[in-house]
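Data from model.cif: mmCIF, C-alpha atoms (C1' of nucleotides)
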```cif
data_upload
loop_
_atom_site.label_atom_id
_atom_site.label_comp_id
_atom_site.auth_asym_id
_atom_site.auth_seq_id
_atom_site.Cartn_x
_atom_site.Cartn_y
_atom_site.Cartn_z
CA MET K 1 0.00 0.00 0.00
CA ASP K 2 2.87 2.28 0.77
CA ALA K 3 4.34 1.19 -2.51
CA ALA K 4 1.14 2.24 -4.19
CA LEU K 5 1.45 5.68 -2.66
CA ARG K 6 5.02 6.03 -3.90
CA ARG K 7 3.94 4.91 -7.29
CA SER K 8 1.18 7.49 -7.45
CA ARG K 9 3.62 10.13 -6.28
CA ARG K 10 5.96 9.26 -9.09
CA ALA K 11 3.08 9.76 -11.49
CA GLY K 12 2.64 13.29 -10.21
CA LEU K 13 -0.23 12.63 -7.85
CA ARG K 14 0.03 14.25 -4.45
CA ASN K 15 0.07 12.53 -1.12
CA THR K 16 -3.24 13.74 0.22
CA ALA K 17 -5.36 12.53 3.09
CA ALA K 18 -8.09 11.39 0.74
CA ARG K 19 -5.75 9.37 -1.40
CA ARG K 20 -4.14 7.76 1.61
CA ALA K 21 -7.51 6.89 3.07
CA ILE K 22 -8.75 5.32 -0.14
CA LEU K 23 -5.61 3.30 -0.73
CA ASP K 24 -5.73 2.17 2.87
CA GLU K 25 -9.32 1.12 2.51
CA LEU K 26 -8.54 -0.85 -0.61
CA ALA K 27 -5.72 -2.55 1.23
CA ARG K 28 -8.02 -3.48 4.11
CA ALA K 29 -10.55 -4.90 1.68
CA VAL K 30 -8.02 -7.45 0.52
CA GLY K 31 -8.60 -9.25 3.76
CA ASP K 32 -12.31 -9.40 3.14
CA GLN K 33 -13.46 -9.94 -0.35
CA GLY K 34 -10.79 -8.00 -2.15
CA HIS K 35 -13.14 -5.69 -3.97
CA LEU K 36 -15.39 -2.77 -3.14
CA THR K 37 -17.77 -0.54 -5.01
CA ALA K 38 -17.04 3.18 -4.87
CA THR K 39 -20.10 3.72 -2.73
CA ARG K 40 -19.22 0.95 -0.33
CA LEU K 41 -15.70 2.25 0.00
CA HIS K 42 -17.12 5.66 0.72
CA HIS K 43 -19.35 4.25 3.44
CA ALA K 44 -16.39 2.42 4.94
CA LEU K 45 -14.42 5.65 5.13
CA LEU K 46 -17.26 7.46 6.82
CA ALA K 47 -17.64 4.61 9.28
CA ARG K 48 -13.99 5.06 10.19
CA GLY K 49 -14.59 8.73 10.82
CA LEU K 50 -12.80 9.84 7.68
CA THR K 51 -14.59 12.59 5.84
CA VAL K 52 -14.11 12.19 2.12
CA GLU K 53 -16.63 13.19 -0.50
CA LEU K 54 -18.09 10.49 -2.69
CA SER K 55 -17.13 12.41 -5.80
CA THR K 56 -13.57 12.46 -4.54
CA VAL K 57 -13.66 8.72 -4.10
CA HIS K 58 -14.71 8.36 -7.70
CA ARG K 59 -12.05 10.73 -8.93
CA VAL K 60 -9.27 9.09 -6.97
CA LEU K 61 -10.32 5.59 -7.96
CA ALA K 62 -10.33 6.63 -11.60
CA GLN K 63 -6.78 7.90 -11.23
CA LEU K 64 -5.62 4.72 -9.53
CA VAL K 65 -7.16 2.61 -12.24
CA GLU K 66 -5.56 4.76 -14.87
CA LEU K 67 -2.17 4.16 -13.28
CA GLY K 68 -2.80 0.48 -12.92
CA ILE K 69 -2.62 0.67 -9.14
CA ALA K 70 -6.23 -0.41 -8.86
CA HIS K 71 -8.29 -2.50 -11.21
CA THR K 72 -11.98 -2.77 -11.85
CA VAL K 73 -14.32 -5.71 -12.09
CA PRO K 74 -17.80 -5.06 -13.43
CA VAL K 75 -20.43 -6.78 -11.33
CA GLY K 76 -24.02 -6.43 -12.38
CA ARG K 77 -24.58 -2.80 -13.11
CA THR K 78 -21.82 -1.38 -10.96
CA VAL K 79 -18.10 -1.62 -10.88
CA THR K 80 -15.99 -2.93 -8.05
CA PHE K 81 -12.44 -1.85 -7.37
CA GLY K 82 -9.51 -3.74 -5.98
CA LEU K 83 -5.78 -3.37 -5.60
CA ALA K 84 -3.99 -4.61 -8.68
CA ASP K 85 -1.37 -6.27 -6.56
CA ASP K 86 -0.82 -9.24 -8.81
CA ALA K 87 -1.48 -10.41 -12.30
CA HIS K 88 -4.57 -12.24 -11.21
CA HIS K 89 -7.96 -12.31 -12.85
CA HIS K 90 -11.46 -12.85 -11.53
CA ALA K 91 -14.46 -15.11 -11.29
CA VAL K 92 -17.66 -13.40 -10.21
CA CYS K 93 -20.87 -14.85 -8.89
CA ALA K 94 -23.64 -13.07 -10.76
CA GLY K 95 -25.97 -13.89 -7.90
CA CYS K 96 -24.28 -12.54 -4.80
CA GLY K 97 -21.42 -10.61 -6.37
CA ASP K 98 -18.78 -12.67 -4.66
CA ILE K 99 -15.40 -12.43 -6.36
CA ARG K 100 -12.74 -15.13 -6.47
CA GLN K 101 -9.30 -14.90 -7.96
CA LEU K 102 -8.00 -16.81 -10.93
CA PRO K 103 -4.31 -17.31 -11.67
CA ALA K 104 -3.04 -15.59 -14.78
CA ALA K 105 -1.90 -18.85 -16.28
CA ALA K 106 -5.42 -20.23 -16.29
CA VAL K 107 -6.76 -17.44 -18.45
CA ALA K 108 -3.87 -17.21 -20.89
CA ALA K 109 -5.82 -18.92 -23.66
CA SER K 110 -8.70 -16.49 -23.27
CA VAL K 111 -6.36 -13.53 -23.44
CA ALA K 112 -4.79 -14.97 -26.57
CA ALA K 113 -8.18 -15.45 -28.17
CA ALA K 114 -9.12 -11.86 -27.38
CA ARG K 115 -5.87 -10.69 -28.90
CA ALA K 116 -6.70 -12.63 -32.03
CA ALA K 117 -10.03 -10.82 -32.05
CA GLY K 118 -8.26 -7.46 -31.84
CA ILE K 119 -8.67 -6.81 -28.13
CA GLU K 120 -5.46 -6.45 -26.18
CA ALA K 121 -6.01 -7.36 -22.56
CA ASP K 122 -2.64 -6.53 -21.20
CA PRO K 123 -1.49 -2.97 -21.85
CA SER K 124 -0.22 -2.96 -18.27
CA GLY K 125 -2.36 -0.99 -15.96
CA HIS K 126 -5.48 -0.22 -17.86
CA PRO K 127 -8.90 -1.49 -16.90
CA THR K 128 -8.40 -4.89 -18.41
CA GLY K 129 -8.49 -8.51 -17.52
CA VAL K 130 -10.50 -11.67 -17.74
CA VAL K 131 -13.72 -12.06 -15.80
CA VAL K 132 -15.67 -15.28 -15.63
CA TYR K 133 -19.28 -14.69 -14.67
CA GLY K 134 -21.09 -17.60 -13.10
CA ARG K 135 -22.82 -18.77 -9.96
CA CYS K 136 -21.32 -19.81 -6.70
CA ARG K 137 -22.59 -23.00 -5.11
CA ARG K 138 -24.91 -21.25 -2.70
CA CYS K 139 -26.55 -19.16 -5.41
CA ARG K 140 -26.96 -22.27 -7.54
CA THR K 141 -28.87 -24.17 -4.88
CA THR K 142 -30.96 -21.44 -3.25
CA THR K 143 -33.58 -19.48 -5.19
CA HIS K 144 -34.31 -21.18 -8.49
CA MET W 1 -35.78 -15.37 -33.23
CA ASP W 2 -38.97 -17.21 -33.81
CA ALA W 3 -37.44 -20.06 -31.89
CA ALA W 4 -36.81 -17.65 -29.05
CA LEU W 5 -40.45 -16.70 -29.02
CA ARG W 6 -41.52 -20.32 -28.87
CA ARG W 7 -39.09 -20.92 -26.11
CA SER W 8 -40.43 -18.04 -24.08
CA ARG W 9 -43.95 -19.27 -24.70
CA ARG W 10 -43.04 -22.66 -23.37
CA ALA W 11 -41.78 -20.96 -20.23
CA GLY W 12 -45.20 -19.40 -19.72
CA LEU W 13 -44.44 -16.00 -21.17
CA ARG W 14 -47.05 -14.58 -23.49
CA ASN W 15 -46.61 -13.60 -27.09
CA THR W 16 -47.04 -9.88 -26.76
CA ALA W 17 -46.19 -7.04 -29.09
CA ALA W 18 -43.54 -5.73 -26.74
CA ARG W 19 -41.80 -9.05 -26.43
CA ARG W 20 -41.86 -9.59 -30.18
CA ALA W 21 -40.47 -6.13 -30.78
CA ILE W 22 -37.64 -6.58 -28.31
CA LEU W 23 -36.67 -10.00 -29.60
CA ASP W 24 -36.77 -8.65 -33.11
CA GLU W 25 -34.57 -5.74 -32.17
CA LEU W 26 -32.06 -8.05 -30.54
CA ALA W 27 -32.04 -10.16 -33.69
CA ARG W 28 -31.40 -7.09 -35.84
CA ALA W 29 -28.54 -6.05 -33.60
CA VAL W 30 -26.71 -9.25 -34.42
CA GLY W 31 -25.95 -7.74 -37.78
CA ASP W 32 -24.42 -4.69 -36.20
CA GLN W 33 -22.44 -5.16 -33.09
CA GLY W 34 -24.45 -7.92 -31.53
CA HIS W 35 -25.17 -6.11 -28.31
CA LEU W 36 -27.32 -3.24 -27.11
CA THR W 37 -27.94 -1.46 -23.88
CA ALA W 38 -31.53 -1.39 -22.65
CA THR W 39 -31.71 2.32 -23.36
CA ARG W 40 -30.31 1.98 -26.84
CA LEU W 41 -32.70 -0.83 -27.62
CA HIS W 42 -35.52 1.36 -26.41
CA HIS W 43 -34.43 4.19 -28.68
CA ALA W 44 -34.24 1.81 -31.60
CA LEU W 45 -37.80 0.68 -31.00
CA LEU W 46 -39.06 4.23 -30.85
CA ALA W 47 -37.19 5.05 -34.05
CA ARG W 48 -39.05 2.23 -35.72
CA GLY W 49 -42.33 3.66 -34.53
CA LEU W 50 -42.89 0.98 -31.92
CA THR W 51 -44.18 2.35 -28.67
CA VAL W 52 -42.77 0.36 -25.78
CA GLU W 53 -42.03 1.73 -22.36
CA LEU W 54 -38.45 1.71 -21.18
CA SER W 55 -39.46 -0.05 -18.01
CA THR W 56 -41.03 -2.75 -20.12
CA VAL W 57 -37.82 -3.15 -22.03
CA HIS W 58 -36.00 -3.71 -18.78
CA ARG W 59 -38.57 -6.18 -17.53
CA VAL W 60 -38.61 -8.18 -20.72
CA LEU W 61 -34.85 -8.25 -21.01
CA ALA W 62 -34.61 -9.51 -17.46
CA GLN W 63 -36.99 -12.34 -18.31
CA LEU W 64 -35.09 -13.26 -21.44
CA VAL W 65 -31.83 -13.35 -19.54
CA GLU W 66 -33.42 -15.46 -16.86
CA LEU W 67 -34.49 -17.96 -19.50
CA GLY W 68 -31.12 -17.91 -21.16
CA ILE W 69 -32.58 -16.51 -24.38
CA ALA W 70 -30.54 -13.37 -23.99
CA HIS W 71 -27.25 -12.84 -22.24
CA THR W 72 -25.60 -9.82 -20.68
CA VAL W 73 -22.15 -8.36 -21.01
CA PRO W 74 -21.17 -5.66 -18.52
CA VAL W 75 -19.45 -2.78 -20.26
CA GLY W 76 -18.25 0.06 -18.13
CA ARG W 77 -21.09 0.93 -15.82
CA THR W 78 -23.91 -0.39 -17.92
CA VAL W 79 -24.96 -3.73 -19.20
CA THR W 80 -25.39 -4.72 -22.81
CA PHE W 81 -27.73 -7.44 -24.00
CA GLY W 82 -27.44 -9.85 -26.88
CA LEU W 83 -29.11 -12.97 -28.15
CA ALA W 84 -27.59 -16.06 -26.58
CA ASP W 85 -27.69 -17.84 -29.89
CA ASP W 86 -24.48 -19.73 -29.44
CA ALA W 87 -22.06 -20.80 -26.80
CA HIS W 88 -19.82 -17.89 -27.57
CA HIS W 89 -18.10 -15.57 -25.15
CA HIS W 90 -16.90 -11.99 -25.40
CA ALA W 91 -13.98 -9.62 -25.60
CA VAL W 92 -14.79 -6.01 -24.78
CA CYS W 93 -12.88 -2.86 -25.50
CA ALA W 94 -12.94 -0.85 -22.29
CA GLY W 95 -12.36 2.26 -24.35
CA CYS W 96 -15.12 2.30 -26.93
CA GLY W 97 -17.27 -0.55 -25.70
CA ASP W 98 -16.86 -2.57 -28.85
CA ILE W 99 -17.63 -6.24 -28.37
CA ARG W 100 -16.09 -9.13 -30.26
CA GLN W 101 -16.94 -12.77 -29.97
CA LEU W 102 -14.71 -15.52 -28.66
CA PRO W 103 -15.24 -19.20 -29.42
CA ALA W 104 -16.20 -21.33 -26.45
CA ALA W 105 -13.19 -23.56 -26.93
CA ALA W 106 -10.80 -20.68 -26.39
CA VAL W 107 -12.15 -19.89 -22.95
CA ALA W 108 -12.52 -23.45 -21.70
CA ALA W 109 -9.49 -23.21 -19.45
CA SER W 110 -10.83 -20.03 -17.82
CA VAL W 111 -14.17 -21.67 -17.19
CA ALA W 112 -12.42 -24.64 -15.65
CA ALA W 113 -10.37 -22.38 -13.40
CA ALA W 114 -13.50 -20.58 -12.27
CA ARG W 115 -15.14 -23.89 -11.51
CA ALA W 116 -12.14 -24.83 -9.41
CA ALA W 117 -12.66 -21.55 -7.56
CA GLY W 118 -16.29 -22.44 -6.89
CA ILE W 119 -17.90 -20.39 -9.64
CA GLU W 120 -19.89 -22.38 -12.17
CA ALA W 121 -20.04 -20.50 -15.45
CA ASP W 122 -22.31 -22.78 -17.33
CA PRO W 123 -25.63 -23.48 -15.63
CA SER W 124 -27.24 -23.09 -19.04
CA GLY W 125 -29.07 -19.87 -19.44
CA HIS W 126 -28.08 -17.73 -16.56
CA PRO W 127 -26.13 -14.53 -16.87
CA THR W 128 -22.80 -16.21 -17.18
CA GLY W 129 -19.83 -16.37 -19.44
CA VAL W 130 -16.29 -15.24 -19.93
CA VAL W 131 -15.49 -11.63 -20.73
CA VAL W 132 -12.04 -10.40 -21.61
CA TYR W 133 -11.69 -6.67 -21.04
CA GLY W 134 -9.02 -4.92 -23.03
CA ARG W 135 -8.40 -2.27 -25.63
CA CYS W 136 -9.01 -2.45 -29.32
CA ARG W 137 -6.28 -1.22 -31.62
CA ARG W 138 -7.83 2.17 -32.20
CA CYS W 139 -8.29 2.85 -28.50
CA ARG W 140 -4.69 1.79 -27.87
CA THR W 141 -3.24 4.23 -30.36
CA THR W 142 -5.47 7.28 -29.92
CA THR W 143 -5.51 9.00 -26.54
CA HIS W 144 -3.08 6.97 -24.52
"C1'" DA D 1 7.94 31.20 3.42
"C1'" DT D 2 5.81 31.27 -1.21
"C1'" DG D 3 3.73 30.30 -5.46
"C1'" DC D 4 2.16 26.96 -8.73
"C1'" DT D 5 -0.94 23.51 -9.58
"C1'" DG D 6 -3.12 19.38 -8.27
"C1'" DT D 7 -7.07 18.30 -5.20
"C1'" DT D 8 -11.18 18.53 -2.56
"C1'" DG D 9 -15.78 19.69 -0.98
"C1'" DC D 10 -20.06 21.18 -2.24
"C1'" DC D 11 -23.89 20.87 -5.01
"C1'" DA D 12 -26.68 20.59 -8.81
"C1'" DC D 13 -27.50 17.50 -12.38
"C1'" DT D 14 -27.64 13.36 -15.70
"C1'" DA D 15 -28.25 8.65 -16.68
"C1'" DT D 16 -29.96 4.24 -15.74
"C1'" DC D 17 -32.83 1.26 -13.68
"C1'" DT D 18 -36.80 -0.03 -10.26
"C1'" DT D 19 -41.35 -0.37 -8.31
"C1'" DG D 20 -46.43 0.07 -7.31
"C1'" DC D 21 -50.66 0.10 -9.33
"C1'" DA D 22 -54.56 0.06 -12.26
"C1'" DA D 23 -55.90 -0.97 -16.93
"C1'" DC D 24 -55.19 -4.09 -20.56
"C1'" DA D 25 -54.63 -8.24 -23.52
"C1'" DC D 26 -53.05 -13.02 -24.29
"C1'" DT D 27 -54.65 -17.92 -23.74
"C1'" DA D 28 -57.10 -21.69 -22.50
"C1'" DG D 29 -61.56 -23.50 -21.59
"C1'" DG D 30 -66.19 -23.74 -22.24
"C1'" DC T 1 -67.27 -16.83 -29.99
"C1'" DC T 2 -67.19 -15.42 -25.22
"C1'" DT T 3 -65.19 -15.41 -20.72
"C1'" DA T 4 -62.29 -15.77 -16.81
"C1'" DG T 5 -57.72 -15.75 -15.17
"C1'" DT T 6 -53.34 -14.15 -15.05
"C1'" DG T 7 -49.35 -12.43 -17.24
"C1'" DT T 8 -48.11 -7.66 -19.12
"C1'" DT T 9 -47.90 -3.00 -19.93
"C1'" DG T 10 -47.94 2.04 -19.42
"C1'" DC T 11 -47.44 5.57 -16.38
"C1'" DA T 12 -45.23 8.07 -12.98
"C1'" DA T 13 -42.65 8.49 -8.91
"C1'" DG T 14 -38.42 7.32 -6.97
"C1'" DA T 15 -34.05 5.05 -5.99
"C1'" DT T 16 -29.13 4.57 -7.05
"C1'" DA T 17 -24.80 5.62 -9.02
"C1'" DG T 18 -21.87 8.60 -11.11
"C1'" DT T 19 -20.50 13.39 -13.30
"C1'" DG T 20 -19.06 18.30 -13.84
"C1'" DG T 21 -18.32 23.13 -12.54
"C1'" DC T 22 -16.29 26.09 -9.42
"C1'" DA T 23 -14.08 28.27 -5.67
"C1'" DA T 24 -11.27 27.29 -1.71
"C1'" DC T 25 -7.57 24.60 -0.09
"C1'" DA T 26 -3.21 22.09 0.37
"C1'" DG T 27 1.04 19.48 -1.31
"C1'" DC T 28 5.55 20.18 -2.74
"C1'" DA T 29 9.47 22.19 -5.05
"C1'" DT T 30 12.20 26.15 -4.74
#
```
As a first step, turn the structure in this file into structure tokens.
Amino acid sequence: MDAALRRSRRAGLRNTAARRAILDELARAVGDQGHLTATRLHHALLARGLTVELSTVHRVLAQLVELGIAHTVPVGRTVTFGLADDAHHHAVCAGCGDIRQLPAAAVAASVAAARAAGIEADPSGHPTGVVVYGRCRRCRTTTH
Amino acid sequence: MDAALRRSRRAGLRNTAARRAILDELARAVGDQGHLTATRLHHALLARGLTVELSTVHRVLAQLVELGIAHTVPVGRTVTFGLADDAHHHAVCAGCGDIRQLPAAAVAASVAAARAAGIEADPSGHPTGVVVYGRCRRCRTTTH
DNA sequence: ATGCTGTTGCCACTATCTTGCAACACTAGG
DNA sequence: CCTAGTGTTGCAAGATAGTGGCAACAGCAT
């Protein structure tokens, strides 16, 4: 997380309280599910007594994604954010939104196929990656 | 498309003008890009002189997805819909939203990895599938 | 200490999707 | 062909998420 701050500094971003708070929150989320929506992250900050505007959260997250420090995973009709610590990809339960990680090696063939189709999924840092949408066991058994 | 109608009928859905119009519009889109947002589909209907409420479009699309007749691909912060005619998957340009198709075989390893992680990506019909997010050539060259 | 410039808060606003409800229209059955 | 039953729709209000302008503020290099 500190590395992320240095990296953003190098890119010309300033070390502000808001940015620190957001990076810290993303780092905490790793323990949980690994990903947060902007709104949820905002709530988490407020719950910790940190006053940051929601619009600021959006702006900072956009910057972090742009730099490749954070990455996004679309879930339903929102977007979740996570630290782009590794070259991992994601499997998402379309029912509950749960996100699991997939090793890069496992998705190599998909990335290659996308490249063949003209979509480059690895220009380091941009909002890219492989997402497998499916259902976790619980969501497969309960409710239809 | 007619098959889709029969299939929806079998599921207990009625053959209404709105449903026909929406299925037809989805079928037309295949020629273009293959996918539409709910709003765009709505506009297209209006342009053709068909009066269908936007809320109806959403409701019908949700039913079609539920039945596996249509499938969804999250793009940015919206969702696009397409006919689930084949077992194909998708590559999306995060820049312009362009969608290309990927053969099922190419993503098999990703699906297997997701399954190993507890996410089943193939319970026939549900909003599932593999999406590779990346950048098309044009979006890679113009503006960073 | 100071100035330049990135950053934030505030707030109004847009876009997208959802929901309740009453009227309507498919379908099957008679 | 008519009718009852239930799925569907239009309408309108509202919820949710994200955006953009602008003035005040705050890093950071000098």
Can you show chain W as a compact mmCIF listing (two decimals) with C-alpha atoms, in the frame of the given file once it has been least-squares superposed onto chain K, using every C-alpha atom paired in order?
```
# COMPACT_ATOMS: atom_id res chain seq x y z
CA MET W 1 0.06 0.03 -0.15
CA ASP W 2 2.92 2.29 0.61
CA ALA W 3 4.38 1.23 -2.69
CA ALA W 4 1.14 2.29 -4.32
CA LEU W 5 1.47 5.71 -2.79
CA ARG W 6 5.01 6.08 -4.06
CA ARG W 7 3.91 4.97 -7.45
CA SER W 8 1.14 7.53 -7.56
CA ARG W 9 3.58 10.18 -6.41
CA ARG W 10 5.90 9.32 -9.23
CA ALA W 11 3.01 9.83 -11.62
CA GLY W 12 2.57 13.37 -10.31
CA LEU W 13 -0.27 12.69 -7.92
CA ARG W 14 0.03 14.29 -4.52
CA ASN W 15 0.11 12.56 -1.19
CA THR W 16 -3.17 13.75 0.20
CA ALA W 17 -5.27 12.52 3.08
CA ALA W 18 -8.03 11.39 0.76
CA ARG W 19 -5.72 9.37 -1.42
CA ARG W 20 -4.07 7.75 1.57
CA ALA W 21 -7.43 6.88 3.06
CA ILE W 22 -8.71 5.33 -0.14
CA LEU W 23 -5.57 3.31 -0.76
CA ASP W 24 -5.66 2.16 2.83
CA GLU W 25 -9.27 1.12 2.51
CA LEU W 26 -8.53 -0.84 -0.63
CA ALA W 27 -5.68 -2.56 1.18
CA ARG W 28 -7.97 -3.48 4.07
CA ALA W 29 -10.52 -4.90 1.67
CA VAL W 30 -8.00 -7.44 0.47
CA GLY W 31 -8.56 -9.26 3.71
CA ASP W 32 -12.28 -9.41 3.13
CA GLN W 33 -13.46 -9.95 -0.36
CA GLY W 34 -10.82 -8.00 -2.18
CA HIS W 35 -13.19 -5.68 -3.95
CA LEU W 36 -15.43 -2.75 -3.10
CA THR W 37 -17.81 -0.52 -4.93
CA ALA W 38 -17.08 3.20 -4.80
CA THR W 39 -20.12 3.73 -2.61
CA ARG W 40 -19.20 0.96 -0.23
CA LEU W 41 -15.67 2.25 0.05
CA HIS W 42 -17.08 5.66 0.82
CA HIS W 43 -19.27 4.25 3.57
CA ALA W 44 -16.30 2.42 5.02
CA LEU W 45 -14.32 5.64 5.19
CA LEU W 46 -17.13 7.46 6.92
CA ALA W 47 -17.48 4.60 9.39
CA ARG W 48 -13.84 5.04 10.26
CA GLY W 49 -14.42 8.71 10.88
CA LEU W 50 -12.64 9.83 7.73
CA THR W 51 -14.45 12.59 5.94
CA VAL W 52 -14.02 12.20 2.20
CA GLU W 53 -16.54 13.22 -0.39
CA LEU W 54 -18.05 10.53 -2.56
CA SER W 55 -17.12 12.45 -5.66
CA THR W 56 -13.55 12.47 -4.47
CA VAL W 57 -13.65 8.74 -4.03
CA HIS W 58 -14.74 8.39 -7.62
CA ARG W 59 -12.08 10.76 -8.88
CA VAL W 60 -9.30 9.10 -6.96
CA LEU W 61 -10.37 5.62 -7.95
CA ALA W 62 -10.42 6.67 -11.58
CA GLN W 63 -6.85 7.92 -11.25
CA LEU W 64 -5.68 4.75 -9.57
CA VAL W 65 -7.25 2.64 -12.27
CA GLU W 66 -5.67 4.80 -14.91
CA LEU W 67 -2.27 4.19 -13.35
CA GLY W 68 -2.91 0.51 -12.99
CA ILE W 69 -2.69 0.70 -9.20
CA ALA W 70 -6.28 -0.39 -8.90
CA HIS W 71 -8.37 -2.48 -11.23
CA THR W 72 -12.08 -2.75 -11.85
CA VAL W 73 -14.41 -5.70 -12.07
CA PRO W 74 -17.91 -5.04 -13.40
CA VAL W 75 -20.51 -6.78 -11.29
CA GLY W 76 -24.10 -6.44 -12.32
CA ARG W 77 -24.66 -2.79 -13.02
CA THR W 78 -21.91 -1.40 -10.87
CA VAL W 79 -18.19 -1.61 -10.81
CA THR W 80 -16.06 -2.92 -8.00
CA PHE W 81 -12.50 -1.83 -7.35
CA GLY W 82 -9.55 -3.73 -5.98
CA LEU W 83 -5.83 -3.34 -5.64
CA ALA W 84 -4.04 -4.58 -8.74
CA ASP W 85 -1.40 -6.21 -6.61
CA ASP W 86 -0.89 -9.21 -8.80
CA ALA W 87 -1.54 -10.44 -12.27
CA HIS W 88 -4.63 -12.24 -11.14
CA HIS W 89 -8.01 -12.33 -12.80
CA HIS W 90 -11.53 -12.86 -11.50
CA ALA W 91 -14.54 -15.12 -11.30
CA VAL W 92 -17.75 -13.41 -10.25
CA CYS W 93 -20.97 -14.84 -8.96
CA ALA W 94 -23.73 -13.08 -10.85
CA GLY W 95 -26.07 -13.90 -8.00
CA CYS W 96 -24.41 -12.53 -4.90
CA GLY W 97 -21.54 -10.61 -6.43
CA ASP W 98 -18.90 -12.66 -4.70
CA ILE W 99 -15.51 -12.43 -6.37
CA ARG W 100 -12.85 -15.12 -6.44
CA GLN W 101 -9.41 -14.89 -7.91
CA LEU W 102 -8.08 -16.81 -10.87
CA PRO W 103 -4.39 -17.32 -11.57
CA ALA W 104 -3.08 -15.60 -14.67
CA ALA W 105 -1.92 -18.88 -16.14
CA ALA W 106 -5.44 -20.26 -16.19
CA VAL W 107 -6.77 -17.47 -18.36
CA ALA W 108 -3.85 -17.25 -20.78
CA ALA W 109 -5.74 -18.96 -23.57
CA SER W 110 -8.65 -16.51 -23.22
CA VAL W 111 -6.29 -13.57 -23.36
CA ALA W 112 -4.68 -15.01 -26.46
CA ALA W 113 -8.06 -15.48 -28.11
CA ALA W 114 -9.00 -11.90 -27.33
CA ARG W 115 -5.74 -10.72 -28.81
CA ALA W 116 -6.52 -12.67 -31.95
CA ALA W 117 -9.86 -10.84 -32.02
CA GLY W 118 -8.08 -7.49 -31.79
CA ILE W 119 -8.55 -6.85 -28.08
CA GLU W 120 -5.34 -6.50 -26.10
CA ALA W 121 -5.96 -7.41 -22.48
CA ASP W 122 -2.60 -6.59 -21.09
CA PRO W 123 -1.42 -3.05 -21.76
CA SER W 124 -0.19 -2.98 -18.17
CA GLY W 125 -2.35 -0.94 -15.92
CA HIS W 126 -5.47 -0.23 -17.82
CA PRO W 127 -8.88 -1.52 -16.86
CA THR W 128 -8.36 -4.91 -18.36
CA GLY W 129 -8.49 -8.53 -17.45
CA VAL W 130 -10.50 -11.69 -17.70
CA VAL W 131 -13.75 -12.09 -15.79
CA VAL W 132 -15.70 -15.30 -15.64
CA TYR W 133 -19.32 -14.71 -14.71
CA GLY W 134 -21.14 -17.61 -13.15
CA ARG W 135 -22.91 -18.78 -10.04
CA CYS W 136 -21.42 -19.82 -6.77
CA ARG W 137 -22.70 -22.99 -5.18
CA ARG W 138 -25.05 -21.25 -2.79
CA CYS W 139 -26.64 -19.16 -5.52
CA ARG W 140 -27.06 -22.29 -7.65
CA THR W 141 -28.95 -24.19 -4.99
CA THR W 142 -31.08 -21.47 -3.40
CA THR W 143 -33.65 -19.71 -5.56
CA HIS W 144 -33.25 -21.38 -8.90
```
- Task: Identify every residue of chain D that has at least one atom within 8 Å of any atom of chain K, counting only C-alpha atoms (C1' of nucleotides), and report the result as JSON, numbers by chain.
- Result: {"D": [6, 8, 9]}
- Can you list, as a list in words, the residues that the PyMOL selection byres ((chain T) within 12 of (chain K)) selects here? DT16, DA17, DG18, DT19, DG20, DC25, DA26, DG27 and DC28 of chain T
Find the residues of chain W in contact range of chain K, meaning any atom within 6 Å when counting all atoms listed in the file, and list them as an mmCIF file with C-alpha atoms, in the coordinates of the input.
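The resulting file, result_17.cif, is reproduced below:
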```cif
data_model
loop_
_atom_site.group_PDB
_atom_site.id
_atom_site.type_symbol
_atom_site.label_atom_id
_atom_site.label_comp_id
_atom_site.auth_asym_id
_atom_site.auth_seq_id
_atom_site.Cartn_x
_atom_site.Cartn_y
_atom_site.Cartn_z
ATOM 1 C CA ARG W 77 -21.090 0.930 -15.820
ATOM 2 C CA THR W 78 -23.910 -0.390 -17.920
ATOM 3 C CA ALA W 91 -13.980 -9.620 -25.600
ATOM 4 C CA ALA W 106 -10.800 -20.680 -26.390
ATOM 5 C CA VAL W 107 -12.150 -19.890 -22.950
ATOM 6 C CA ALA W 109 -9.490 -23.210 -19.450
ATOM 7 C CA SER W 110 -10.830 -20.030 -17.820
ATOM 8 C CA ALA W 114 -13.500 -20.580 -12.270
ATOM 9 C CA GLY W 118 -16.290 -22.440 -6.890
ATOM 10 C CA ILE W 119 -17.900 -20.390 -9.640
ATOM 11 C CA GLU W 120 -19.890 -22.380 -12.170
ATOM 12 C CA ALA W 121 -20.040 -20.500 -15.450
ATOM 13 C CA THR W 128 -22.800 -16.210 -17.180
ATOM 14 C CA GLY W 129 -19.830 -16.370 -19.440
ATOM 15 C CA VAL W 130 -16.290 -15.240 -19.930
ATOM 16 C CA VAL W 131 -15.490 -11.630 -20.730
ATOM 17 C CA VAL W 132 -12.040 -10.400 -21.610
ATOM 18 C CA TYR W 133 -11.690 -6.670 -21.040
ATOM 19 C CA GLY W 134 -9.020 -4.920 -23.030
ATOM 20 C CA ARG W 135 -8.400 -2.270 -25.630
ATOM 21 C CA CYS W 136 -9.010 -2.450 -29.320
#
```
- Item | Expansion of the PyMOL selection byres ((chain W and resi 25) around 12) into residues, as JSON, numbers by chain | {"W": [1, 18, 19, 20, 21, 22, 23, 24, 26, 27, 28, 29, 30, 31, 32, 34, 35, 36, 37, 38, 40, 41, 42, 43, 44, 45, 46, 47, 48, 50, 57, 61, 70, 81, 82, 83]}
- Query: So which residues touch DA15 of chain T within 10 Å, counting all atoms listed in the file, skipping near sequence neighbours fewer than 5 positions away, as a PyMOL selection string?
  - Reply: chain D and resi 17-19
Store the residues picked out above in a file with C-alpha atoms (C1' of nucleotides), as a PDB file, in the coordinates of the input.
```
ATOM      1  C1'  DC D  17     -32.830   1.260 -13.680  1.00  0.00           C
ATOM      2  C1'  DT D  18     -36.800  -0.030 -10.260  1.00  0.00           C
ATOM      3  C1'  DT D  19     -41.350  -0.370  -8.310  1.00  0.00           C
TER       4       DT D  19
END
```
